[in-house]
Each structure stands twice: as structure tokens, then as C-alpha cells.
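Okay, model18.txt now, which holds compact mmCIF, C-alpha atoms:
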# COMPACT_ATOMS: atom_id res chain seq x y z
CA MET A 119 51.11 220.55 18.97
CA PRO A 120 48.88 223.58 19.55
CA SER A 121 48.39 225.65 16.46
CA THR A 122 49.76 229.12 16.70
CA THR A 123 48.63 232.18 14.88
CA GLN A 124 50.97 232.81 12.01
CA THR A 125 51.99 236.36 11.50
CA LEU A 126 54.55 237.55 9.05
CA ARG A 127 57.39 239.37 10.73
CA PRO A 128 60.29 241.07 9.01
CA GLY A 129 62.97 238.52 8.30
CA ASP A 130 60.60 235.58 8.47
CA ARG A 131 60.96 233.18 5.67
CA PHE A 132 57.75 233.10 3.78
CA THR A 133 57.77 229.32 3.73
CA ASP A 134 57.49 229.20 7.51
CA ILE A 135 54.16 230.89 7.17
CA GLU A 136 53.07 228.92 4.14
CA LEU A 137 53.49 225.66 6.00
CA ALA A 138 50.25 226.30 7.79
CA ASP A 139 48.44 225.84 4.48
CA TYR A 140 48.96 222.14 4.59
CA GLY A 141 48.62 221.79 8.33
CA ARG A 142 52.26 220.90 8.62
CA THR A 143 53.39 219.52 11.89
CA LEU A 144 57.09 219.29 12.43
CA PRO A 145 58.32 215.84 11.53
CA ASP A 146 59.19 213.69 14.51
CA THR A 147 62.85 213.91 15.20
CA MET A 148 64.23 210.77 13.74
CA GLY A 149 66.86 208.41 14.95
CA SER A 150 69.73 209.37 17.12
CA GLN A 151 68.28 212.56 18.54
CA THR A 152 65.40 210.78 20.21
CA ILE A 153 67.03 207.53 21.23
CA VAL A 154 70.62 208.29 22.13
CA ARG A 155 70.64 211.06 24.70
CA GLU A 156 74.16 210.62 26.01
CA SER A 157 77.11 212.55 24.70
CA ASP A 158 79.59 210.54 22.66
CA ALA A 159 82.01 210.33 25.57
CA GLU A 160 79.32 209.04 27.94
CA LEU A 161 78.09 206.60 25.34
CA ILE A 162 81.56 205.16 24.73
CA ALA A 163 82.15 204.86 28.47
CA LEU A 164 78.86 202.97 28.86
CA LEU A 165 79.65 200.68 25.94
CA ARG A 166 83.09 199.90 27.33
CA ASP A 167 81.46 199.13 30.67
CA GLY A 168 79.33 196.61 28.82
CA ASP A 169 76.06 198.53 29.25
CA GLU A 170 73.72 196.52 27.07
CA GLY A 171 71.01 199.17 27.18
CA ALA A 172 73.37 201.73 25.66
CA PHE A 173 74.30 199.32 22.89
CA ALA A 174 70.61 198.55 22.24
CA ARG A 175 69.86 202.28 21.97
CA LEU A 176 72.73 202.72 19.55
CA ILE A 177 71.47 199.86 17.37
CA ASP A 178 67.92 201.22 17.43
CA ALA A 179 69.02 204.73 16.56
CA TYR A 180 71.31 203.92 13.68
CA SER A 181 70.35 200.60 12.07
CA ALA A 182 67.72 202.10 9.76
CA PRO A 183 69.88 204.94 8.38
CA LEU A 184 72.89 202.60 8.14
CA LEU A 185 70.75 200.22 6.11
CA ARG A 186 69.85 203.07 3.76
CA LEU A 187 73.47 204.11 3.53
CA ALA A 188 74.54 200.53 2.75
CA LEU A 189 72.12 200.54 -0.17
CA ALA A 190 74.19 203.32 -1.69
CA PHE A 191 76.94 200.75 -2.24
CA VAL A 192 75.33 197.34 -2.67
CA GLN A 193 72.37 196.38 -4.79
CA SER A 194 70.20 194.13 -2.69
CA GLN A 195 68.37 194.64 0.57
CA SER A 196 69.65 191.33 1.95
CA ILE A 197 73.30 192.21 1.33
CA ALA A 198 72.71 195.65 2.86
CA GLU A 199 71.31 193.95 5.97
CA GLU A 200 74.41 191.75 6.20
CA VAL A 201 76.62 194.81 5.85
CA VAL A 202 74.81 196.52 8.75
CA GLN A 203 75.08 193.37 10.86
CA GLU A 204 78.82 193.17 10.13
CA THR A 205 79.16 196.84 11.03
CA TRP A 206 77.62 196.26 14.45
CA MET A 207 79.83 193.23 15.02
CA ALA A 208 82.83 195.42 14.20
CA VAL A 209 81.56 197.91 16.79
CA VAL A 210 81.26 195.18 19.41
CA THR A 211 84.81 194.00 18.85
CA GLY A 212 86.28 197.42 18.15
CA ILE A 213 84.79 199.58 20.87
CA GLY A 214 88.01 199.37 22.87
CA ARG A 215 89.92 200.82 19.96
CA PHE A 216 87.64 203.80 19.41
CA GLU A 217 89.78 206.83 20.10
CA GLY A 218 87.07 209.44 20.18
CA ARG A 219 88.80 211.70 17.70
CA ALA A 220 85.76 211.60 15.43
CA SER A 221 82.12 211.45 16.54
CA VAL A 222 80.50 208.08 17.12
CA LYS A 223 78.34 208.76 14.07
CA THR A 224 81.33 209.40 11.81
CA TRP A 225 83.02 206.31 13.19
CA LEU A 226 79.94 204.24 12.34
CA PHE A 227 79.76 205.65 8.78
CA LYS A 228 83.38 204.81 8.24
CA ILE A 229 83.09 201.22 9.40
CA LEU A 230 79.97 200.69 7.34
CA THR A 231 81.38 202.32 4.23
CA ASN A 232 84.52 200.17 4.36
CA ILE A 233 82.54 196.98 4.83
CA ALA A 234 80.02 197.93 2.15
CA LYS A 235 82.69 198.79 -0.42
CA THR A 236 84.58 195.56 0.19
CA ARG A 237 81.35 193.65 -0.09
CA ALA A 238 80.35 195.44 -3.27
CA GLN A 239 83.70 194.63 -4.87
CA ARG A 240 83.29 190.99 -3.96
CA GLU A 241 79.81 190.93 -5.47
CA ARG A 242 81.07 192.95 -8.43
CA ARG A 243 77.79 194.74 -8.22
CA THR A 244 78.99 198.02 -6.94
CA ILE A 245 77.02 201.11 -7.73
CA PRO A 246 79.26 203.14 -9.97
CA PHE A 247 80.46 205.97 -7.82
CA SER A 248 79.90 208.28 -10.76
CA GLU A 249 76.21 208.08 -9.96
CA PHE A 250 76.91 210.45 -7.11
CA GLU A 251 78.78 212.77 -9.42
CA VAL A 252 76.24 215.21 -10.65
CA ASP A 253 76.22 215.58 -14.39
CA LYS A 254 75.78 218.99 -15.89
CA GLY A 255 72.85 217.72 -17.92
CA ASP A 256 69.53 219.34 -17.46
CA GLU A 257 66.96 217.73 -15.25
CA PRO A 258 64.28 220.40 -14.88
CA ALA A 259 62.27 220.31 -11.67
CA VAL A 260 59.11 221.03 -13.64
CA ASP A 261 58.24 220.21 -17.26
CA PRO A 262 59.43 223.27 -19.26
CA ASP A 263 56.20 223.17 -21.27
CA ARG A 264 54.36 224.38 -18.21
CA PHE A 265 55.99 227.79 -18.48
CA LEU A 266 55.39 230.56 -20.98
CA PRO A 267 58.17 231.01 -23.55
CA ALA A 268 61.06 233.41 -22.99
CA SER A 269 59.61 235.47 -25.84
CA HIS A 270 56.37 236.17 -23.99
CA PRO A 271 55.95 239.97 -24.01
CA GLN A 272 54.64 240.30 -20.46
CA TRP A 273 55.35 237.12 -18.48
CA PRO A 274 58.39 235.33 -19.89
CA HIS A 275 59.05 232.03 -18.07
CA HIS A 276 56.05 232.44 -15.80
CA TRP A 277 53.52 229.69 -15.26
CA ALA A 278 51.37 228.70 -18.22
CA THR A 279 49.97 225.67 -16.38
CA PRO A 280 50.19 226.60 -12.70
CA PRO A 281 50.17 224.00 -9.92
CA GLN A 282 46.73 223.28 -8.44
CA PRO A 283 46.10 222.96 -4.70
CA TRP A 284 46.27 219.43 -3.29
CA SER A 285 43.41 218.05 -1.29
CA MET A 286 44.94 215.73 1.26
CA GLY A 287 43.02 213.47 3.59
CA PRO A 288 43.59 213.88 7.33
CA GLU A 289 46.17 211.55 8.87
CA GLY A 290 44.95 208.03 9.48
CA THR A 291 42.26 208.06 6.80
CA ALA A 292 42.18 205.68 3.84
CA LEU A 293 43.06 208.54 1.51
CA ASP A 294 46.06 209.42 3.67
CA ARG A 295 47.27 205.81 3.64
CA GLU A 296 46.95 205.77 -0.14
CA THR A 297 48.94 209.01 -0.33
CA MET A 298 51.70 207.57 1.86
CA ALA A 299 51.92 204.54 -0.43
CA VAL A 300 52.38 206.92 -3.38
CA VAL A 301 55.15 208.76 -1.49
CA ARG A 302 56.94 205.51 -0.68
CA ARG A 303 56.72 204.36 -4.29
CA ALA A 304 57.95 207.73 -5.55
CA LEU A 305 60.99 207.51 -3.26
CA GLU A 306 61.75 203.95 -4.31
CA ASP A 307 61.52 204.90 -7.98
CA LEU A 308 64.14 207.65 -7.71
CA PRO A 309 67.56 207.05 -9.27
CA ARG A 310 69.70 205.45 -6.57
CA ALA A 311 71.90 208.44 -5.69
CA GLN A 312 68.88 210.75 -5.37
CA GLN A 313 67.02 208.13 -3.37
CA VAL A 314 69.81 207.70 -0.83
CA VAL A 315 70.23 211.44 -0.36
CA VAL A 316 66.49 212.18 -0.08
CA ALA A 317 65.96 209.26 2.30
CA LEU A 318 68.84 210.20 4.61
CA ARG A 319 67.84 213.87 4.64
CA ASP A 320 64.06 213.75 4.64
CA VAL A 321 63.14 210.33 6.02
CA HIS A 322 65.94 209.87 8.55
CA GLY A 323 66.36 213.58 9.22
CA TRP A 324 70.14 213.68 8.84
CA PRO A 325 71.75 217.09 8.45
CA ALA A 326 73.37 217.84 5.09
CA ALA A 327 76.89 217.67 6.54
CA ASP A 328 76.37 214.06 7.72
CA VAL A 329 75.12 212.98 4.31
CA CYS A 330 78.12 214.59 2.60
CA ALA A 331 80.50 212.90 5.03
CA ALA A 332 78.86 209.50 4.78
CA LEU A 333 78.73 209.46 0.98
CA ASP A 334 81.93 211.46 0.52
CA ILE A 335 80.28 213.96 -1.79
CA SER A 336 80.49 217.73 -1.94
CA GLU A 337 77.82 219.96 -0.45
CA ALA A 338 76.94 221.20 -3.92
CA ASN A 339 76.45 217.65 -5.23
CA GLN A 340 74.41 216.73 -2.21
CA ARG A 341 72.15 219.71 -2.82
CA VAL A 342 71.64 218.96 -6.51
CA LEU A 343 70.76 215.32 -5.76
CA LEU A 344 68.40 216.45 -3.01
CA HIS A 345 66.79 219.02 -5.30
CA ARG A 346 66.28 216.62 -8.19
CA GLY A 347 64.96 213.90 -5.90
CA ARG A 348 62.55 216.14 -4.00
CA SER A 349 61.34 217.74 -7.22
CA ARG A 350 60.59 214.33 -8.72
CA VAL A 351 58.67 213.23 -5.63
CA ARG A 352 56.65 216.47 -5.72
CA ALA A 353 55.87 215.91 -9.40
CA VAL A 354 54.64 212.36 -8.70
CA LEU A 355 52.44 213.66 -5.87
CA GLU A 356 51.12 216.44 -8.08
CA ARG A 357 50.07 213.94 -10.75
CA TYR A 358 48.46 211.78 -8.07
CA PHE A 359 46.51 214.64 -6.46
CA ASN A 360 45.44 216.02 -9.84
CA ASP A 361 44.20 212.60 -10.95
CA THR A 362 42.33 212.15 -7.66
CA ALA A 363 40.72 215.57 -8.10
CA THR A 364 39.69 214.77 -11.69
CA LEU A 365 38.23 211.47 -10.55
CA CYS A 366 36.27 213.12 -7.73
CA ASN A 367 34.93 215.76 -10.12
CA ALA A 368 33.90 213.12 -12.64
CA GLU A 369 32.12 211.17 -9.90
CA SER A 370 30.28 214.19 -8.57
CA ILE A 371 29.21 215.13 -12.11
CA SER A 372 27.85 211.64 -12.73
CA ASP A 373 26.15 211.72 -9.30
CA THR A 374 24.46 214.98 -10.28
CA LYS A 375 23.33 213.49 -13.58
CA GLN A 376 21.89 210.42 -11.89
CA ALA A 377 20.14 212.57 -9.30
CA GLY A 378 18.60 214.60 -12.13
CA GLN A 379 17.17 211.54 -13.88
CA MET B 133 58.41 249.75 -13.82
CA THR B 134 61.84 250.12 -12.28
CA ASP B 135 64.61 247.68 -12.95
CA ASP B 136 64.33 246.41 -9.40
CA ILE B 137 66.22 243.19 -8.64
CA THR B 138 63.11 241.91 -6.92
CA THR B 139 61.05 241.92 -10.10
CA ASP B 140 63.16 239.75 -12.33
CA LEU B 141 62.80 236.29 -10.85
CA ALA B 142 60.82 234.08 -13.20
CA CYS B 143 58.69 231.18 -11.96
CA LYS B 144 60.78 228.81 -14.07
CA GLU B 145 63.85 229.90 -12.11
CA LEU B 146 62.13 229.75 -8.74
CA VAL B 147 61.39 226.02 -9.03
CA GLU B 148 65.12 225.42 -9.57
CA ILE B 149 66.41 227.45 -6.63
CA ILE B 150 63.76 226.38 -4.12
CA THR B 151 66.02 223.74 -2.54
CA ASP B 152 68.83 226.25 -2.07
CA TYR B 153 66.25 228.56 -0.52
CA LEU B 154 64.97 225.92 1.89
CA GLU B 155 68.53 224.84 2.70
CA GLY B 156 69.45 228.41 3.54
CA THR B 157 72.28 228.41 1.01
CA LEU B 158 70.84 230.97 -1.35
CA PRO B 159 72.84 234.23 -1.51
CA GLU B 160 71.09 237.09 0.29
CA ARG B 161 70.26 238.91 -2.93
CA ASP B 162 68.56 235.85 -4.45
CA ARG B 163 66.71 235.20 -1.23
CA ALA B 164 65.27 238.67 -1.35
CA ARG B 165 64.19 238.08 -4.95
CA PHE B 166 62.62 234.77 -3.93
CA ASP B 167 60.73 236.30 -1.01
CA ALA B 168 59.52 239.19 -3.14
CA HIS B 169 58.41 236.88 -5.91
CA ILE B 170 56.25 234.59 -3.80
CA LEU B 171 54.55 237.55 -2.15
CA THR B 172 53.08 238.49 -5.50
CA CYS B 173 52.82 235.11 -7.26
CA PRO B 174 50.09 232.76 -5.95
CA PRO B 175 51.09 229.81 -8.20
CA CYS B 176 54.65 229.92 -6.87
CA ARG B 177 53.31 230.20 -3.33
CA GLU B 178 51.34 227.06 -4.09
CA TYR B 179 54.52 225.45 -5.43
CA VAL B 180 56.45 226.27 -2.25
CA ALA B 181 53.59 224.92 -0.13
CA GLU B 182 53.57 221.71 -2.20
CA MET B 183 57.29 221.28 -1.77
CA ASN B 184 56.88 221.69 1.99
CA ALA B 185 54.00 219.21 1.93
CA THR B 186 56.26 216.80 0.02
CA LEU B 187 58.94 217.09 2.72
CA ARG B 188 56.37 216.57 5.46
CA LEU B 189 54.92 213.48 3.77
CA THR B 190 58.37 212.02 3.09
CA GLY B 191 59.26 212.64 6.73
CA ARG B 192 56.30 210.52 7.80
CA LEU B 193 57.49 207.40 5.98
CA THR B 194 58.24 204.60 8.37
CA VAL B 195 61.74 203.23 8.23
CA GLU B 196 62.89 199.70 7.89
CA SER B 197 65.33 198.58 10.49
CA ILE B 198 67.11 195.31 11.13
CA SER B 199 65.02 192.28 12.07
CA PRO B 200 64.36 191.50 15.77
CA GLY B 201 66.35 188.28 15.32
CA ALA B 202 69.37 190.14 14.02
CA ARG B 203 69.05 192.61 16.89
CA ASP B 204 69.00 189.77 19.43
CA ASP B 205 72.10 188.24 17.84
CA LEU B 206 73.93 191.52 18.24
CA LEU B 207 72.92 191.94 21.88
CA ARG B 208 74.04 188.36 22.55
CA ALA B 209 77.38 189.06 20.88
CA PHE B 210 77.72 192.18 23.00
CA ARG B 211 77.07 190.16 26.21
CA ARG B 212 79.61 187.50 25.17
CA MET B 213 82.15 190.20 24.51
CA LYS B 214 81.57 191.67 27.97
CA ALA B 215 81.80 188.25 29.62
CA SER B 216 85.07 187.41 27.89
CA SER B 217 86.61 190.77 28.73
CA THR B 218 85.70 190.51 32.43
CA GLU B 219 87.21 187.03 32.61
CA LEU B 220 90.57 188.40 31.56
Write out the structure in this file as C-alpha cells.
Amino acid sequence: MPSTTQTLRPGDRFTDIELADYGRTLPDTMGSQTIVRESDAELIALLRDGDEGAFARLIDAYSAPLLRLALAFVQSQSIAEEVVQETWMAVVTGIGRFEGRASVKTWLFKILTNIAKTRAQRERRTIPFSEFEVDKGDEPAVDPDRFLPASHPQWPHHWATPPQPWSMGPEGTALDRETMAVVRRALEDLPRAQQVVVALRDVHGWPAADVCAALDISEANQRVLLHRGRSRVRAVLERYFNDTATLCNAESISDTKQAGQ
Amino acid sequence: MTDDITTDLACKELVEIITDYLEGTLPERDRARFDAHILTCPPCREYVAEMNATLRLTGRLTVESISPGARDDLLRAFRRMKASSTEL
């Protein structure tokens, strides 16, 4: 993508401009948008005609997010895989009964959710649904100790320990691969409800409305889970980049000392 | 200093409403406060940039899909289904 000169225009969101700081490229459109180009009606017609290519595209577009969604209900990866497989088998046998009142996507969510819930009950290892209910308890995005106290005469609740710039390696470098491993780990370490929401939104690129529909949660709950999850991932990355910077500084200091000897 | 609405957003509050801001669900008044705040607060500008970097990095994670074997099984099932429906 060619880089464009960023100028601030009235009404621009500041973040759009700020993105340039980290050389942001727009994430590749994930899943359905790139693979399934037909409208729902065309897709259903093709599937009913037995068009194997259309079915393959559907599987390729949705298996990964469906797998993630299944993990919201069952505990293990292998059971989630079985749930997705069962979902696709239900699609194969049920395509004739699809009435087209809902979108194909919504239809898929519904089949998967039903299968996953039944399966979770059988395993008695269901994720308590309350996990998706957001408690009122505080989960600050940033350690409160990093802000000045409310009693500060000039800057109450402003940064005492401000965030430091991250030095990221260019894509494809060893440093970048290490960073990506940290991101993956941070996502996997999130509480389950936050993990599912962040993954569907930010990894699979689903719109908020789809996540709410699939998990049957309110928009407000979805946003809180997204906020807490993203904030935790940022905090993990911050620690990682700060540690890397400290390490690099320590190394360059010791290099200087050795050179001086 | 005037009691301007744009002056009273604290950094501690900004880090909690950033998702609403990015989601476009922040009320207009709060959005104006947010925009005004980051214009004058470099640490918060850094914070916003880091949050955007976090989203970009998360968006680059590769996704796990079903195994090629499982995919083949499904395509085979689909072919069988077609064959049996055309026989009828």
C-alpha cells in the first residue's frame, strides 16, 4: 500500500493520523469478505445445485471463526473441532431446509451454537454463561499507580509513569516473530470470554453486531469484554517492549564499557 | 483557565473510554473531550498509538482452521449428498 501524506482535517479522528506512527497497514480483510464473494441467495443456490467449489469456499471462510466460537462453549480444542465438523455436516444435510430468512452467517452461528451447547452439556464442562456477563467489578486498563492521585494540585489523574514508545522490528524479522509470539500468548492467556470476543473482533475481523449475535450478549457487554481484553494485551506488549528496551540499553552500556577497556 | 468541557478529561479516564472511542460509540461531547485531550497530551497520544499497534499486531495473528483431512471428509460428504439427491 503506498504511504499517503497524513494531514489533519476537521472531523478527522486523531487516531487515524496517529496510526502512521507505527507504520500501520490495514489488516487483511479476514474470512468471509475475501473468500465468499457471492450474495447469500447466490451462495444458497450454488450449494443446492451441488457446487462443490462454493461449499469449499464456505468452509474456508468460516471454519476458523466457527472454531473460535465453539471454544466459547466447550473446553478443549479437539471437542471444538468436532463441533465445527458436526456443524458443517448439518449444513450439508440441511441446506435444502434453509429458508433464507436470516443471513447464511447467522444460520451458521445458530447451528454451531446449538451443537456446541448440547455437546458442552454432555461433557458437563460447559463454560458458565455468567463468564460473558460483565461484572461491575473494577478491572482498570492501566495500573492505577501509574497515575497521579486525585489530590494532585495541578494534574489529578494524569500520568505519573507515562507509556514509553515501542521499538518494533520490521515485519519478517526475528524480533517481529518474537513479538507475534508474545501477542499470541497474550491472547491465549486472556480470560475465556475476553479471549473469544477479542479473537472474533480483532483476529477474525468480525463486526461487533456479529459477535453479539453469535454469543447472545449485549453490545455493552461485548464492548466491555473487548476493552478489557485489548487493554490486557496492550499491557503485556508494553511490558515486553519495555523489557526489550532495558535489555538493549544494558547491552549497549556493557559494549561501551568493553570498548573503553 | 475557563471551565471548558475539553479541559477536564484526565488520562486515567481516557484509557478507560478508548475502546468506546475507537468503536465510535462515544457520545459526541466525550469524543470532543477525547480529541482535545490527545492534541495536548503526548503520553496519551502514545497510549492511543500503542492501542492501535496492539490491534494491528493482533490482526496479523494467523488463524487455526480445520485440518485438511477434515476438510476432505466434508467435501466428500457434500459430493455424496449431491449424488444421492440427483438419483432421486
Task: Residue nearest chain A - candidates B:Gly191, B:Leu154, B:Arg161, B:Ile170, atoms counted: only C-alpha atoms - done: B:Gly191
Open item on the list: Based on all atoms listed in the file, which of the residues in chain B come within 8 Å of chain A? I want them as a ChimeraX atom specification.
Closed with: /B:142-145,147-148,151-152,167,170,175,177-198,202-203,206-207,209-211,213-214
TODO: Please provide the set of residues having any atom within 8 Å of stretch 187-197 of chain A, restricted to only C-alpha atoms, with same-chain residues fewer than 3 positions apart removed, written as an NGL selection string.
DONE: :A and (183-184 or 200-202 or 230-231 or 234-235 or 237-238 or 243-245 or 310-311 or 314 or 318 or 332-333)
Written selection (C-alpha atoms) as a short mmCIF file (atom, residue, chain, number, x, y, z; two decimals), keeping the file's coordinate frame:
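The result, stored in again_15.cif:
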data_model
loop_
_atom_site.label_atom_id
_atom_site.label_comp_id
_atom_site.auth_asym_id
_atom_site.auth_seq_id
_atom_site.Cartn_x
_atom_site.Cartn_y
_atom_site.Cartn_z
CA PRO A 183 69.88 204.94 8.38
CA LEU A 184 72.89 202.60 8.14
CA GLU A 200 74.41 191.75 6.20
CA VAL A 201 76.62 194.81 5.85
CA VAL A 202 74.81 196.52 8.75
CA LEU A 230 79.97 200.69 7.34
CA THR A 231 81.38 202.32 4.23
CA ALA A 234 80.02 197.93 2.15
CA LYS A 235 82.69 198.79 -0.42
CA ARG A 237 81.35 193.65 -0.09
CA ALA A 238 80.35 195.44 -3.27
CA ARG A 243 77.79 194.74 -8.22
CA THR A 244 78.99 198.02 -6.94
CA ILE A 245 77.02 201.11 -7.73
CA ARG A 310 69.70 205.45 -6.57
CA ALA A 311 71.90 208.44 -5.69
CA VAL A 314 69.81 207.70 -0.83
CA LEU A 318 68.84 210.20 4.61
CA ALA A 332 78.86 209.50 4.78
CA LEU A 333 78.73 209.46 0.98
#
- [ ] Between atom CA of B:Ser199 and atom CA of A:Lys223, measure the distance and give it in Å to one decimal.
- [x]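 Atom CA of B:Ser199 sits 21.3 Å away from atom CA of A:Lys223.
Reported to one decimal place, the separation of atom CA of A:Ala163 from atom CA of A:Val222 is 11.9 Å.
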Task: All residues 9 Å or closer to A:Ala172, all atoms listed in the file, same chain fewer than 6 positions away omitted, as a list in words - done: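 What passes the distance filter is Val154, Glu156, Leu161, Ile162, Leu164 and Leu165 of chain A.
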Deliver the residues from the most recent selection as a file, using C-alpha atoms, as a PDB file, in the coordinates of the input.
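Saved result, selection_37.pdb, follows:
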ATOM      1  CA  VAL A 154      70.620 208.290  22.130  1.00  0.00           C
ATOM      2  CA  GLU A 156      74.160 210.620  26.010  1.00  0.00           C
ATOM      3  CA  LEU A 161      78.090 206.600  25.340  1.00  0.00           C
ATOM      4  CA  ILE A 162      81.560 205.160  24.730  1.00  0.00           C
ATOM      5  CA  LEU A 164      78.860 202.970  28.860  1.00  0.00           C
ATOM      6  CA  LEU A 165      79.650 200.680  25.940  1.00  0.00           C
TER       7      LEU A 165
END
Please enclose the listed atoms of stretch 183-198 of chain B in an axis-aligned box, pad each side by 3 Å, and write out the centre and the three edge lengths in Å, rounded to one decimal, as lines of an AutoDock Vina configuration file.
center_x = 60.6
center_y = 208.5
center_z = 4.7
size_x = 19.1
size_y = 32.4
size_z = 18.9
